[in-house]
Each structure stands twice: as C-alpha cells, then as structure tokens.
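One file, coords.txt, carrying compact mmCIF, C-alpha atoms:
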# COMPACT_ATOMS: atom_id res chain seq x y z
CA MET A 1 254.67 27.30 59.75
CA ILE A 2 252.24 24.77 58.31
CA LEU A 3 248.56 25.51 57.67
CA ALA A 4 246.56 22.29 57.36
CA LEU A 5 243.07 21.63 56.03
CA GLU A 6 240.90 18.55 56.62
CA SER A 7 237.61 17.68 54.90
CA SER A 8 237.72 13.93 54.30
CA CYS A 9 234.22 13.29 55.65
CA ASP A 10 231.93 15.41 57.80
CA GLU A 11 234.29 17.73 59.70
CA THR A 12 235.57 20.98 58.23
CA ALA A 13 238.85 21.75 59.97
CA ALA A 14 241.97 23.90 59.85
CA ALA A 15 245.07 24.06 62.04
CA LEU A 16 248.30 26.02 62.22
CA PHE A 17 251.47 24.24 63.34
CA ASP A 18 254.78 25.82 64.30
CA PRO A 19 257.58 23.22 64.66
CA ALA A 20 259.18 25.39 67.34
CA ARG A 21 256.00 25.66 69.45
CA GLY A 22 253.49 23.07 68.32
CA LEU A 23 249.88 23.68 67.36
CA VAL A 24 249.17 27.38 67.72
CA GLY A 25 245.59 27.24 66.50
CA GLU A 26 242.90 24.68 65.65
CA TRP A 27 239.46 25.33 64.21
CA ILE A 28 236.75 22.80 63.45
CA HIS A 29 233.14 22.80 62.33
CA SER A 30 231.31 19.58 63.18
CA GLN A 31 228.43 18.32 61.07
CA ILE A 32 227.08 15.79 63.60
CA ALA A 33 223.85 17.71 64.17
CA LEU A 34 223.27 17.92 60.41
CA HIS A 35 223.66 14.18 59.81
CA GLU A 36 222.14 12.93 63.06
CA LYS A 37 218.59 13.08 61.70
CA HIS A 38 219.65 10.82 58.81
CA GLY A 39 221.35 8.23 61.01
CA GLY A 40 224.70 8.66 59.28
CA VAL A 41 226.76 10.86 56.97
CA VAL A 42 225.03 11.96 53.76
CA PRO A 43 227.85 12.76 51.27
CA ASP A 44 225.95 15.46 49.33
CA LEU A 45 225.02 17.29 52.53
CA ALA A 46 228.58 17.00 53.84
CA THR A 47 229.99 18.48 50.63
CA ARG A 48 227.61 21.43 50.71
CA GLU A 49 228.44 22.08 54.35
CA HIS A 50 232.17 22.13 53.57
CA LEU A 51 231.48 24.68 50.85
CA ARG A 52 229.50 26.80 53.27
CA THR A 53 231.91 26.70 56.21
CA PHE A 54 235.48 26.65 54.87
CA ALA A 55 235.68 30.38 54.13
CA PRO A 56 234.32 31.51 57.54
CA LEU A 57 236.59 28.99 59.28
CA LEU A 58 239.69 30.29 57.52
CA GLU A 59 238.67 33.89 58.13
CA ARG A 60 238.41 33.07 61.84
CA ALA A 61 241.92 31.58 61.73
CA ARG A 62 243.24 34.71 60.02
CA ARG A 63 241.68 36.97 62.66
CA GLU A 64 242.84 34.93 65.64
CA VAL A 65 246.44 34.06 64.75
CA GLY A 66 247.17 35.48 61.32
CA LEU A 67 248.34 33.54 58.28
CA GLU A 68 251.17 35.78 57.10
CA ALA A 69 253.89 33.44 58.37
CA VAL A 70 252.49 30.33 56.67
CA GLN A 71 255.16 28.64 54.57
CA THR A 72 253.41 25.38 53.62
CA ILE A 73 249.80 24.34 53.00
CA ALA A 74 249.03 20.72 53.96
CA VAL A 75 245.72 19.12 53.05
CA THR A 76 244.10 15.72 53.38
CA ASN A 77 243.90 14.29 49.86
CA GLY A 78 242.70 10.79 50.82
CA PRO A 79 241.24 8.48 51.82
CA GLY A 80 237.71 9.82 52.24
CA LEU A 81 234.58 10.93 50.40
CA ALA A 82 235.64 12.15 46.96
CA ALA A 83 233.57 15.33 46.82
CA CYS A 84 234.50 16.28 50.37
CA LEU A 85 238.20 15.75 49.68
CA ALA A 86 237.90 17.83 46.52
CA ILE A 87 236.60 20.83 48.47
CA GLY A 88 239.56 20.75 50.85
CA VAL A 89 242.15 20.30 48.09
CA ALA A 90 240.62 23.14 46.06
CA ALA A 91 240.73 25.40 49.12
CA ALA A 92 244.36 24.43 49.75
CA LYS A 93 245.35 25.21 46.16
CA ALA A 94 243.66 28.60 46.36
CA LEU A 95 245.48 29.38 49.60
CA GLY A 96 248.75 28.18 48.10
CA LEU A 97 248.37 30.65 45.25
CA ALA A 98 247.27 33.47 47.54
CA LEU A 99 250.09 32.95 50.05
CA ASN A 100 252.70 31.84 47.50
CA ALA A 101 253.19 28.63 49.49
CA PRO A 102 253.67 25.03 48.29
CA VAL A 103 250.75 22.64 48.76
CA ILE A 104 251.38 19.07 49.96
CA GLY A 105 248.94 16.20 50.28
CA VAL A 106 248.73 14.19 53.49
CA ASN A 107 247.23 10.71 53.84
CA HIS A 108 244.45 10.95 56.44
CA LEU A 109 245.50 7.62 57.95
CA ARG A 110 249.09 8.81 58.34
CA GLY A 111 247.62 11.71 60.29
CA HIS A 112 246.10 9.17 62.67
CA VAL A 113 249.43 7.32 62.85
CA TRP A 114 251.18 10.45 64.14
CA SER A 115 248.37 11.87 66.30
CA PRO A 116 249.48 10.13 69.54
CA PHE A 117 252.84 11.91 69.26
CA ILE A 118 251.41 15.45 69.13
CA ALA A 119 251.37 15.74 72.93
CA LEU A 120 254.95 14.45 73.10
CA HIS A 121 256.06 17.25 70.81
CA ALA A 122 254.08 19.86 72.76
CA GLU A 123 255.91 18.93 75.98
CA ALA A 124 259.35 19.74 74.54
CA PRO A 125 259.41 20.71 70.83
CA GLU A 126 263.18 21.08 70.75
CA ALA A 127 263.70 17.53 72.06
CA PHE A 128 261.07 15.77 69.97
CA ASP A 129 263.41 13.88 67.64
CA LEU A 130 265.42 12.50 70.54
CA ARG A 131 262.34 11.53 72.55
CA LEU A 132 260.71 9.94 69.51
CA ALA A 133 263.80 7.82 68.86
CA GLU A 134 263.38 6.33 72.35
CA LEU A 135 259.83 5.20 71.47
CA LEU A 136 260.60 3.49 68.16
CA PRO A 137 259.87 0.88 66.93
CA HIS A 138 256.23 1.69 67.63
CA LEU A 139 253.13 -0.50 67.37
CA GLY A 140 249.97 1.45 66.61
CA LEU A 141 246.26 0.75 66.41
CA ILE A 142 243.89 2.95 64.39
CA VAL A 143 240.25 2.43 65.35
CA SER A 144 237.62 4.50 63.56
CA GLY A 145 234.34 4.30 61.71
CA GLY A 146 236.06 3.47 58.44
CA ASN A 147 239.31 1.78 59.46
CA THR A 148 240.66 -0.72 61.95
CA LEU A 149 244.30 -1.67 61.50
CA LEU A 150 247.55 -2.46 63.25
CA PHE A 151 250.74 -0.86 61.95
CA THR A 152 254.36 -0.33 62.91
CA VAL A 153 256.69 2.67 62.72
CA ASP A 154 260.32 1.62 62.60
CA ALA A 155 263.40 3.51 63.70
CA THR A 156 263.56 5.34 60.36
CA ARG A 157 259.87 6.42 60.67
CA ARG A 158 258.83 4.01 57.94
CA ILE A 159 255.23 2.84 58.38
CA SER A 160 254.17 -0.75 57.66
CA VAL A 161 250.69 -2.24 57.99
CA LEU A 162 250.49 -5.47 59.99
CA SER A 163 246.78 -6.20 59.71
CA SER A 164 243.37 -4.68 59.03
CA THR A 165 239.73 -5.65 59.20
CA ARG A 166 238.35 -8.19 56.75
CA ASP A 167 234.90 -6.61 56.81
CA ASP A 168 233.43 -3.92 59.09
CA ALA A 169 235.60 -1.46 60.98
CA ALA A 170 235.22 -1.37 64.77
CA GLY A 171 233.58 2.06 64.72
CA GLU A 172 231.21 0.93 62.00
CA ALA A 173 230.27 -2.11 64.10
CA LEU A 174 229.51 0.15 67.06
CA ASP A 175 227.41 2.51 64.94
CA LYS A 176 225.47 -0.36 63.36
CA GLY A 177 225.01 -1.99 66.75
CA ALA A 178 223.63 1.26 68.12
CA LYS A 179 221.18 1.43 65.22
CA LEU A 180 219.98 -2.12 65.93
CA LEU A 181 219.52 -1.15 69.57
CA GLY A 182 217.39 1.83 68.66
CA LEU A 183 219.96 4.43 69.61
CA GLY A 184 220.96 7.53 67.65
CA TYR A 185 224.03 8.67 65.71
CA PRO A 186 226.93 8.58 66.24
CA GLY A 187 226.42 5.23 67.92
CA GLY A 188 229.74 4.58 69.64
CA PRO A 189 229.46 7.30 72.31
CA LEU A 190 225.81 6.37 72.96
CA ILE A 191 226.70 2.71 73.46
CA GLU A 192 229.51 3.71 75.80
CA LYS A 193 227.19 5.90 77.85
CA LEU A 194 224.60 3.15 78.34
CA ALA A 195 227.29 0.50 78.84
CA ALA A 196 228.43 2.31 81.99
CA GLY A 197 225.26 1.09 83.70
CA GLY A 198 225.33 -2.47 82.36
CA ARG A 199 227.13 -5.78 82.84
CA ALA A 200 229.80 -6.60 80.27
CA ASP A 201 229.38 -10.35 80.90
CA ALA A 202 225.60 -10.42 80.50
CA TYR A 203 225.74 -11.66 76.90
CA ASP A 204 228.40 -13.67 75.10
CA PHE A 205 229.10 -12.04 71.74
CA PRO A 206 231.79 -13.30 69.30
CA ARG A 207 235.25 -11.76 69.39
CA GLY A 208 236.09 -12.04 65.68
CA ILE A 209 238.96 -14.19 64.45
CA GLY A 210 240.06 -16.28 67.42
CA ARG A 211 243.40 -17.77 66.35
CA ARG A 212 246.22 -16.44 68.52
CA ASP A 213 248.62 -16.01 65.59
CA GLU A 214 246.09 -14.23 63.34
CA LEU A 215 246.23 -10.43 63.52
CA ASP A 216 243.34 -9.53 61.18
CA PHE A 217 240.10 -8.17 62.61
CA SER A 218 236.50 -9.11 61.80
CA PHE A 219 233.38 -7.47 63.21
CA SER A 220 230.58 -8.49 60.83
CA GLY A 221 229.82 -11.62 62.87
CA LEU A 222 229.43 -9.52 66.00
CA LYS A 223 226.85 -7.28 64.38
CA THR A 224 224.96 -10.32 63.01
CA SER A 225 225.00 -11.97 66.42
CA LEU A 226 223.40 -8.91 67.99
CA ARG A 227 220.72 -8.76 65.28
CA TYR A 228 219.76 -12.43 65.78
CA LEU A 229 219.65 -11.97 69.54
CA LEU A 230 217.41 -8.90 69.32
CA GLU A 231 215.04 -10.69 66.94
CA LYS A 232 214.40 -13.29 69.65
CA MET A 233 213.86 -10.79 72.47
CA PRO A 234 210.53 -9.09 73.23
CA ALA A 235 210.62 -5.31 72.86
CA ALA A 236 210.08 -4.83 76.60
CA GLU A 237 213.05 -7.05 77.39
CA VAL A 238 215.28 -5.18 74.94
CA GLU A 239 214.31 -1.93 76.62
CA ALA A 240 214.99 -3.30 80.11
CA ARG A 241 218.28 -4.98 79.17
CA ARG A 242 219.65 -2.28 76.88
CA PRO A 243 222.50 -1.28 79.28
CA ASP A 244 223.60 -4.93 79.54
CA LEU A 245 223.36 -5.36 75.78
CA CYS A 246 225.47 -2.23 75.23
CA ALA A 247 228.06 -3.24 77.82
CA SER A 248 228.42 -6.76 76.42
CA TYR A 249 228.54 -5.59 72.81
CA GLN A 250 231.12 -2.91 73.58
CA GLN A 251 233.23 -5.39 75.54
CA ALA A 252 233.28 -7.75 72.55
CA VAL A 253 234.68 -4.94 70.38
CA VAL A 254 237.25 -3.97 73.00
CA ASP A 255 238.34 -7.57 73.59
CA ALA A 256 238.84 -8.17 69.87
CA LEU A 257 241.01 -5.06 69.55
CA VAL A 258 243.05 -5.74 72.67
CA ARG A 259 243.64 -9.40 71.81
CA LYS A 260 245.10 -8.55 68.41
CA ALA A 261 247.26 -5.76 69.81
CA SER A 262 248.51 -8.13 72.51
CA ALA A 263 249.26 -10.79 69.90
CA ALA A 264 251.26 -8.29 67.84
CA LEU A 265 253.26 -7.31 70.92
CA ARG A 266 253.99 -10.99 71.64
CA GLN A 267 255.02 -11.64 68.06
CA GLY A 268 257.33 -8.61 68.27
CA ALA A 269 259.15 -10.38 71.10
CA GLY A 270 260.29 -7.24 72.89
CA THR A 271 260.91 -5.26 69.70
CA PHE A 272 258.40 -2.50 70.35
CA ARG A 273 259.02 0.38 72.72
CA SER A 274 255.59 1.97 72.55
CA LEU A 275 251.95 1.18 71.83
CA GLY A 276 249.70 3.81 70.27
CA LEU A 277 245.94 4.27 69.94
CA SER A 278 244.27 6.68 67.53
CA GLY A 279 241.08 7.20 65.53
CA GLY A 280 237.58 8.19 66.59
CA VAL A 281 236.98 5.09 68.73
CA ALA A 282 240.16 5.91 70.69
CA ASN A 283 237.97 8.15 72.85
CA ASN A 284 236.31 5.07 74.33
CA ARG A 285 237.47 4.95 77.95
CA THR A 286 237.10 1.18 78.28
CA LEU A 287 239.34 0.64 75.27
CA ARG A 288 241.91 3.19 76.43
CA ALA A 289 242.13 1.60 79.88
CA ALA A 290 242.44 -1.93 78.47
CA LEU A 291 245.23 -0.97 76.07
CA ALA A 292 247.05 1.02 78.75
CA GLU A 293 247.03 -2.13 80.88
CA THR A 294 248.23 -4.19 77.91
CA ALA A 295 251.13 -1.79 77.35
CA ALA A 296 252.06 -1.89 81.04
CA ARG A 297 252.18 -5.69 81.00
CA ALA A 298 254.43 -5.61 77.94
CA ASN A 299 256.62 -2.92 79.56
CA VAL A 300 256.13 -0.44 76.71
CA ARG A 301 254.98 3.20 76.76
CA PHE A 302 251.30 3.76 76.00
CA LEU A 303 250.49 6.74 73.77
CA ALA A 304 246.87 7.63 73.07
CA ALA A 305 245.81 10.51 70.86
CA GLN A 306 244.28 13.39 72.78
CA PRO A 307 240.47 13.62 72.46
CA ALA A 308 240.77 16.65 70.15
CA HIS A 309 242.93 14.60 67.78
CA THR A 310 241.05 11.30 67.71
CA GLY A 311 238.36 12.12 65.15
CA ASP A 312 238.79 13.95 61.87
CA ASN A 313 240.90 17.02 62.62
CA ALA A 314 243.46 19.24 60.93
CA GLY A 315 245.88 19.25 63.84
CA MET A 316 247.05 15.73 63.06
CA ILE A 317 247.33 16.60 59.35
CA ALA A 318 249.58 19.56 60.11
CA PHE A 319 251.69 17.51 62.50
CA ALA A 320 252.01 14.60 60.06
CA ALA A 321 253.08 17.00 57.31
CA TRP A 322 256.03 17.91 59.52
CA ALA A 323 256.84 14.67 61.39
CA ASP A 324 256.12 12.23 58.55
CA ARG A 325 258.41 13.80 56.02
CA ALA A 326 258.72 10.64 53.94
CA GLY A 327 254.96 10.16 53.70
CA ALA A 328 253.84 13.56 52.45
CA ASP A 329 252.86 13.92 48.81
CA VAL A 330 255.28 16.59 47.63
CA SER A 331 253.17 17.43 44.58
CA SER A 332 252.59 21.13 44.73
CA GLY A 333 250.04 23.62 43.51
CA LEU A 334 247.60 22.48 40.86
CA ALA A 335 249.24 19.05 40.44
CA LEU A 336 247.85 17.60 43.68
CA ARG A 337 245.01 15.12 43.20
CA ILE A 338 242.54 13.49 45.56
CA GLU A 339 242.90 9.77 46.30
CA PRO A 340 239.59 8.64 47.87
CA SER A 341 240.63 5.00 48.31
CA VAL A 342 244.33 5.33 49.10
CA ALA A 343 245.65 2.90 51.70
CA LEU A 344 248.08 3.46 54.55
CA ALA A 345 251.79 3.10 53.73
Would you kindly transcribe this structure into structure tokens?
Amino acid sequence: MILALESSCDETAAALFDPARGLVGEWIHSQIALHEKHGGVVPDLATREHLRTFAPLLERARREVGLEAVQTIAVTNGPGLAACLAIGVAAAKALGLALNAPVIGVNHLRGHVWSPFIALHAEAPEAFDLRLAELLPHLGLIVSGGNTLLFTVDATRRISVLSSTRDDAAGEALDKGAKLLGLGYPGGPLIEKLAAGGRADAYDFPRGIGRRDELDFSFSGLKTSLRYLLEKMPAAEVEARRPDLCASYQQAVVDALVRKASAALRQGAGTFRSLGLSGGVANNRTLRAALAETAARANVRFLAAQPAHTGDNAGMIAFAAWADRAGADVSSGLALRIEPSVALA
C-alpha cells in the first residue's frame, strides 16, 4: 500500500494505492478560488494554504479508508514551487516516522508520464504488466501550464525526452491569451468554453516551429500575435469577436501540439504502439479528439489521462511510485530533498 502526497503548486492532494486493487482513495483541496482574484498562483498564498489543509486532508483519509496498512510514503519532491514542495516533503517525512514506513521521492513529471496508464491498471490489476508490454514503446505528450514535452517509454520502462518547448508552455500560452482577452483564471478552460461558439478559422495565428522534422515547441510567437491583433481592434469588436478569437487561438495551440506528435510518430516509423496525453491541458476536448484521430491514423492505441489525473494530483504520484520503479528516488526518511527545477528523465 502506497500513500502519496502532492503539493508542487496550488493543489494539496493525497492518495492511497493498492497494487492489487488500484487507487482506493483520493483526496484533493483546490486553491483555484484563492488565486483566481490574483490572476494566477501566488506562491506565498499557496504555501500557507498547504500548511492549513494538509492535516485535515490526511485526517479525512484516515477516517475514510484508514492508513494502518500503508507500507510506503511517496511524495512529489520536484519540479515545482520550492516552498510548496517543502511542505509536502516535510509532511511525508513526518508520516514516515509515525507509520514506520520508508519515504520515496517522485518526479512530478514522471507522475504525468504514467497517468494515462492508471485506467489500464484499474481494469485488470493482475494483468497490468502483460497489457503494458503490449503498449510499449510508448510516445507521450505532457501538456500543462509549466511543461510541454514529447517523451518515449521503451520496452524496459525507460523514459527519454524527445522534445520540449523553447519558451512558453502550451498551458501558459492559453492562460496568457485568456488574460489578453479579458478572461479570468485559469484561462484554458475559459478559452475552451468560449471557443465552442466561435470559428476556428476566423483568424490565422502562428503554429510555432513549422519545419516537419523539428519536434520542439514554441508558443511565445502565438501570444505576441494575439497581443498585436488585439491592439489594432476596437474594444467593441474584441467583445463581439471574442468567441472567434478564442476558437482560432485554441486551434493554433492544438495544431502545434498535434503536428509535433504526428511528426514524432512518423519519425518512429511504426515503432510506437501507443500515444499518450497527460497534463492539465489534456482535459481540452478539442485536443483529445485531434490526438485520438492522430493515433487512429497511425494505428496505435490512444491513452489519455482521466480528468481526475490530468492536473496536479496524488493519484498519479502513487501510481508512478509503483509502476515507475526505476524512476523513484529511493532516498528514505530525512535524507529526501526537494528538487524545484528537476527535469524529466
């Protein structure tokens, strides 16, 4: 039994994972309402909220499922906001001492890598290893507010990064675009909501790096293009055309992501058996549908993280601590340190 904690940014979360059954409990406290008024995450406020909510969250977990059978404590130790990570790691160490259980650090990005496979395990825990072997090598795409990258998982479960963004992450571009459009926070879901009533071909925004053989992403030019366009438009026109602006801007983000994933599949020349999508932006229905179609054309299985496991959550940390045995930091107890800027792989 693995008890996992997550506090890399603005979500306080815990989860309990049983390899024989799957996730038997997940608890999360969202800070969106707290940060919404500021237009983004305020690190000091996030840290204080983690301090305030971790104890009640863990007490709720104890009441609902019990923690007596916990054998391992897994905790996100990077990347993320340093003070927020420190709260989670300190809580994990305290629990490790209280429950006489080893504490292991889990890379938050490796949690995202494994999140699309959580549902596969839940379907048949006893057959997971065999079913996973049929889906490797795997090509994955992490799309969030802080990261946009393509990676592979080979037949031995070794993770390798293929490409990343050279500037803004896709989620960051959506949030900044929403701010320019006068929308609230978080911006991605608000853009998606308005985009449903607009035309995706109304405006021609850049799609990042255009070379077919180049896998890196770039979204800063997209954001700049929107800013220049809005500066030329009267306020009344912006208001009237906001759905079209959202739809076109969102489509530019989706196209850039899909084109690079498609290029990676082509370069793999039939190597990959599955295509995965994870991270907070993975909830975007337009993106999910476009990548599902891309996977179908390439004759590979499409695996998208479930909505509950797309953003910051402890379920994926618990699962990664079990499935990603080679990637866990086996430092135990008081030796575990935070790594705010650690990369994937």
Would you kindly return, as a ChimeraX atom specification, each protein, DNA or RNA residue with an atom no farther than 9 Å from any atom of stretch 58-73 of chain A, considering all atoms listed in the file and excluding same-chain residues fewer than 3 positions away? /A:1-5,13-16,24-27,53-55,92-93,95-96,99-105,318
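Minimum distance to A:Glu11 across A:Ala195, A:Leu120, A:Ala314, A:Ala200 (counting only C-alpha atoms) occurs at A:Ala314.
Distance annotation: of A:Leu265, A:Leu181, A:Cys9, A:Val253, the residue with the minimal separation from A:Leu162 is A:Leu265; atom set is only C-alpha atoms.
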Report the distance between atom CA of A:Asp244 and atom CA of A:Ala282 in Å, rounded to one decimal place. 21.7 Å
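Of note, atom CA of A:Gly198 and atom CA of A:Glu293 are spaced 21.8 Å apart.
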Please return the centre and edge lengths, in Å to one decimal, of a box with edges along x, y and z that contains all listed atoms of stretch 249-260 of chain A, widened by 5 Å on every side, as lines of an AutoDock Vina configuration file.
center_x = 236.8
center_y = -6.2
center_z = 72.0
size_x = 26.6
size_y = 16.5
size_z = 17.1
Given the point (231.5, -9.5, 76.4) in the coordinates of this file, which residues lie within 6 Å, counting only C-alpha atoms, and how would they look as JSON, numbers by chain? {"A": [200, 201, 204, 205, 248, 251, 252]}
Could you write out the selected residues, including C-alpha atoms, as a PDB file, in the coordinates of the input?
ATOM      1  CA  ALA A 200     229.800  -6.600  80.270  1.00  0.00           C
ATOM      2  CA  ASP A 201     229.380 -10.350  80.900  1.00  0.00           C
ATOM      3  CA  ASP A 204     228.400 -13.670  75.100  1.00  0.00           C
ATOM      4  CA  PHE A 205     229.100 -12.040  71.740  1.00  0.00           C
ATOM      5  CA  SER A 248     228.420  -6.760  76.420  1.00  0.00           C
ATOM      6  CA  GLN A 251     233.230  -5.390  75.540  1.00  0.00           C
ATOM      7  CA  ALA A 252     233.280  -7.750  72.550  1.00  0.00           C
TER       8      ALA A 252
END
Kindly give the distance, in Å, that separates atom CA of A:Arg242 and atom CA of A:Arg227, rounded to a single decimal. 13.3 Å
Option closest in space to A:Gly270, from A:Val89, A:Ala290, A:Ala295, A:Leu334 [counting all atoms listed in the file]: A:Ala295
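Using all atoms listed in the file for every distance, the candidate list A:Leu277, A:Leu57, A:Leu226, A:Ala124 yields A:Leu277 as the residue closest to A:Gly311.
Shortest atom-to-atom contact with A:Thr165 among A:Ser274, A:Asn147, A:Ser7, A:Ser30: A:Asn147, counting all atoms listed in the file.
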Which residue gives the smallest distance to A:Ala235 among A:Ile338, A:Asp255, A:Pro307, A:Gly182, with only C-alpha atoms counted? A:Gly182
Select, counting all atoms listed in the file, all protein, DNA and RNA residues no farther than 12 Å from (219.5, -2.3, 75.7) in file coordinates, and express the selection as a PyMOL selection string. chain A and resi 177-183+190-199+202-203+226+229-230+233-250
Resulting file, chosen residues, C-alpha atoms, as a short mmCIF file (atom, residue, chain, number, x, y, z; two decimals), keeping the file's coordinate frame:
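Done, and the output landed in out.cif:
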data_model
loop_
_atom_site.label_atom_id
_atom_site.label_comp_id
_atom_site.auth_asym_id
_atom_site.auth_seq_id
_atom_site.Cartn_x
_atom_site.Cartn_y
_atom_site.Cartn_z
CA GLY A 177 225.01 -1.99 66.75
CA ALA A 178 223.63 1.26 68.12
CA LYS A 179 221.18 1.43 65.22
CA LEU A 180 219.98 -2.12 65.93
CA LEU A 181 219.52 -1.15 69.57
CA GLY A 182 217.39 1.83 68.66
CA LEU A 183 219.96 4.43 69.61
CA LEU A 190 225.81 6.37 72.96
CA ILE A 191 226.70 2.71 73.46
CA GLU A 192 229.51 3.71 75.80
CA LYS A 193 227.19 5.90 77.85
CA LEU A 194 224.60 3.15 78.34
CA ALA A 195 227.29 0.50 78.84
CA ALA A 196 228.43 2.31 81.99
CA GLY A 197 225.26 1.09 83.70
CA GLY A 198 225.33 -2.47 82.36
CA ARG A 199 227.13 -5.78 82.84
CA ALA A 202 225.60 -10.42 80.50
CA TYR A 203 225.74 -11.66 76.90
CA LEU A 226 223.40 -8.91 67.99
CA LEU A 229 219.65 -11.97 69.54
CA LEU A 230 217.41 -8.90 69.32
CA MET A 233 213.86 -10.79 72.47
CA PRO A 234 210.53 -9.09 73.23
CA ALA A 235 210.62 -5.31 72.86
CA ALA A 236 210.08 -4.83 76.60
CA GLU A 237 213.05 -7.05 77.39
CA VAL A 238 215.28 -5.18 74.94
CA GLU A 239 214.31 -1.93 76.62
CA ALA A 240 214.99 -3.30 80.11
CA ARG A 241 218.28 -4.98 79.17
CA ARG A 242 219.65 -2.28 76.88
CA PRO A 243 222.50 -1.28 79.28
CA ASP A 244 223.60 -4.93 79.54
CA LEU A 245 223.36 -5.36 75.78
CA CYS A 246 225.47 -2.23 75.23
CA ALA A 247 228.06 -3.24 77.82
CA SER A 248 228.42 -6.76 76.42
CA TYR A 249 228.54 -5.59 72.81
CA GLN A 250 231.12 -2.91 73.58
#
Could you pull the residues within 8 Å of A:Ala256, counting all atoms listed in the file, minus those fewer than 4 positions along the same chain, as a count of residues only? 5
For A:Gln267, find every residue with an atom within 12 Å (counting all atoms listed in the file), except residues of its own chain fewer than 6 positions away, and show them as number ranges by chain. A: 139, 162, 212-215, 260-261, 298
Excluding same-chain residues fewer than 3 positions from A:Leu222, what lies within 6 Å of it counting only C-alpha atoms, as a list in words? Pro206, Phe219 and Ser225 of chain A
Deliver the residues from the most recent selection as a file, using C-alpha atoms, as a short mmCIF file (atom, residue, chain, number, x, y, z; two decimals), in the frame of the given file.
data_model
loop_
_atom_site.label_atom_id
_atom_site.label_comp_id
_atom_site.auth_asym_id
_atom_site.auth_seq_id
_atom_site.Cartn_x
_atom_site.Cartn_y
_atom_site.Cartn_z
CA PRO A 206 231.79 -13.30 69.30
CA PHE A 219 233.38 -7.47 63.21
CA SER A 225 225.00 -11.97 66.42
#
Model the absent atoms of stretch 108-130 of chain A so that N, CA and C atoms are present, and write the result as a PDB file, in the coordinates of the input.
ATOM      1  N   HIS A 108     245.218  10.816  55.205  1.00  0.00           N
ATOM      2  CA  HIS A 108     244.450  10.950  56.440  1.00  0.00           C
ATOM      3  C   HIS A 108     244.852   9.895  57.477  1.00  0.00           C
ATOM      4  N   LEU A 109     245.128   8.688  57.022  1.00  0.00           N
ATOM      5  CA  LEU A 109     245.500   7.620  57.950  1.00  0.00           C
ATOM      6  C   LEU A 109     246.875   7.863  58.553  1.00  0.00           C
ATOM      7  N   ARG A 110     247.775   8.473  57.783  1.00  0.00           N
ATOM      8  CA  ARG A 110     249.090   8.810  58.340  1.00  0.00           C
ATOM      9  C   ARG A 110     248.944   9.909  59.386  1.00  0.00           C
ATOM     10  N   GLY A 111     247.920  10.749  59.228  1.00  0.00           N
ATOM     11  CA  GLY A 111     247.620  11.710  60.290  1.00  0.00           C
ATOM     12  C   GLY A 111     247.268  10.998  61.578  1.00  0.00           C
ATOM     13  N   HIS A 112     246.443   9.955  61.483  1.00  0.00           N
ATOM     14  CA  HIS A 112     246.100   9.170  62.670  1.00  0.00           C
ATOM     15  C   HIS A 112     247.325   8.461  63.251  1.00  0.00           C
ATOM     16  N   VAL A 113     248.200   7.986  62.380  1.00  0.00           N
ATOM     17  CA  VAL A 113     249.430   7.320  62.850  1.00  0.00           C
ATOM     18  C   VAL A 113     250.210   8.239  63.783  1.00  0.00           C
ATOM     19  N   TRP A 114     250.333   9.518  63.394  1.00  0.00           N
ATOM     20  CA  TRP A 114     251.180  10.450  64.140  1.00  0.00           C
ATOM     21  C   TRP A 114     250.448  11.195  65.254  1.00  0.00           C
ATOM     22  N   SER A 115     249.125  11.085  65.305  1.00  0.00           N
ATOM     23  CA  SER A 115     248.370  11.870  66.300  1.00  0.00           C
ATOM     24  C   SER A 115     248.744  11.576  67.754  1.00  0.00           C
ATOM     25  N   PRO A 116     249.088  10.334  68.143  1.00  0.00           N
ATOM     26  CA  PRO A 116     249.480  10.130  69.540  1.00  0.00           C
ATOM     27  C   PRO A 116     250.775  10.830  69.944  1.00  0.00           C
ATOM     28  N   PHE A 117     251.554  11.277  68.960  1.00  0.00           N
ATOM     29  CA  PHE A 117     252.840  11.910  69.260  1.00  0.00           C
ATOM     30  C   PHE A 117     252.739  13.435  69.359  1.00  0.00           C
ATOM     31  N   ILE A 118     251.564  13.988  69.084  1.00  0.00           N
ATOM     32  CA  ILE A 118     251.410  15.450  69.130  1.00  0.00           C
ATOM     33  C   ILE A 118     251.690  15.976  70.539  1.00  0.00           C
ATOM     34  N   ALA A 119     251.151  15.299  71.549  1.00  0.00           N
ATOM     35  CA  ALA A 119     251.370  15.740  72.930  1.00  0.00           C
ATOM     36  C   ALA A 119     252.837  15.632  73.324  1.00  0.00           C
ATOM     37  N   LEU A 120     253.523  14.613  72.819  1.00  0.00           N
ATOM     38  CA  LEU A 120     254.950  14.450  73.100  1.00  0.00           C
ATOM     39  C   LEU A 120     255.736  15.645  72.569  1.00  0.00           C
ATOM     40  N   HIS A 121     255.395  16.089  71.381  1.00  0.00           N
ATOM     41  CA  HIS A 121     256.060  17.250  70.810  1.00  0.00           C
ATOM     42  C   HIS A 121     255.748  18.512  71.613  1.00  0.00           C
ATOM     43  N   ALA A 122     254.488  18.656  72.032  1.00  0.00           N
ATOM     44  CA  ALA A 122     254.080  19.860  72.760  1.00  0.00           C
ATOM     45  C   ALA A 122     254.833  20.001  74.084  1.00  0.00           C
ATOM     46  N   GLU A 123     255.191  18.881  74.704  1.00  0.00           N
ATOM     47  CA  GLU A 123     255.910  18.930  75.980  1.00  0.00           C
ATOM     48  C   GLU A 123     257.295  19.536  75.843  1.00  0.00           C
ATOM     49  N   ALA A 124     257.984  19.229  74.746  1.00  0.00           N
ATOM     50  CA  ALA A 124     259.350  19.740  74.540  1.00  0.00           C
ATOM     51  C   ALA A 124     259.666  19.711  73.045  1.00  0.00           C
ATOM     52  N   PRO A 125     259.211  20.716  72.280  1.00  0.00           N
ATOM     53  CA  PRO A 125     259.410  20.710  70.830  1.00  0.00           C
ATOM     54  C   PRO A 125     260.868  20.526  70.414  1.00  0.00           C
ATOM     55  N   GLU A 126     261.774  21.148  71.144  1.00  0.00           N
ATOM     56  CA  GLU A 126     263.180  21.080  70.750  1.00  0.00           C
ATOM     57  C   GLU A 126     263.792  19.698  70.944  1.00  0.00           C
ATOM     58  N   ALA A 127     263.165  18.873  71.778  1.00  0.00           N
ATOM     59  CA  ALA A 127     263.700  17.530  72.060  1.00  0.00           C
ATOM     60  C   ALA A 127     262.892  16.434  71.404  1.00  0.00           C
ATOM     61  N   PHE A 128     261.986  16.779  70.507  1.00  0.00           N
ATOM     62  CA  PHE A 128     261.070  15.770  69.970  1.00  0.00           C
ATOM     63  C   PHE A 128     261.782  14.639  69.264  1.00  0.00           C
ATOM     64  N   ASP A 129     262.729  14.940  68.397  1.00  0.00           N
ATOM     65  CA  ASP A 129     263.410  13.880  67.640  1.00  0.00           C
ATOM     66  C   ASP A 129     264.089  12.885  68.568  1.00  0.00           C
ATOM     67  N   LEU A 130     264.740  13.385  69.599  1.00  0.00           N
ATOM     68  CA  LEU A 130     265.420  12.500  70.540  1.00  0.00           C
ATOM     69  C   LEU A 130     264.429  11.650  71.327  1.00  0.00           C
TER      70      LEU A 130
END
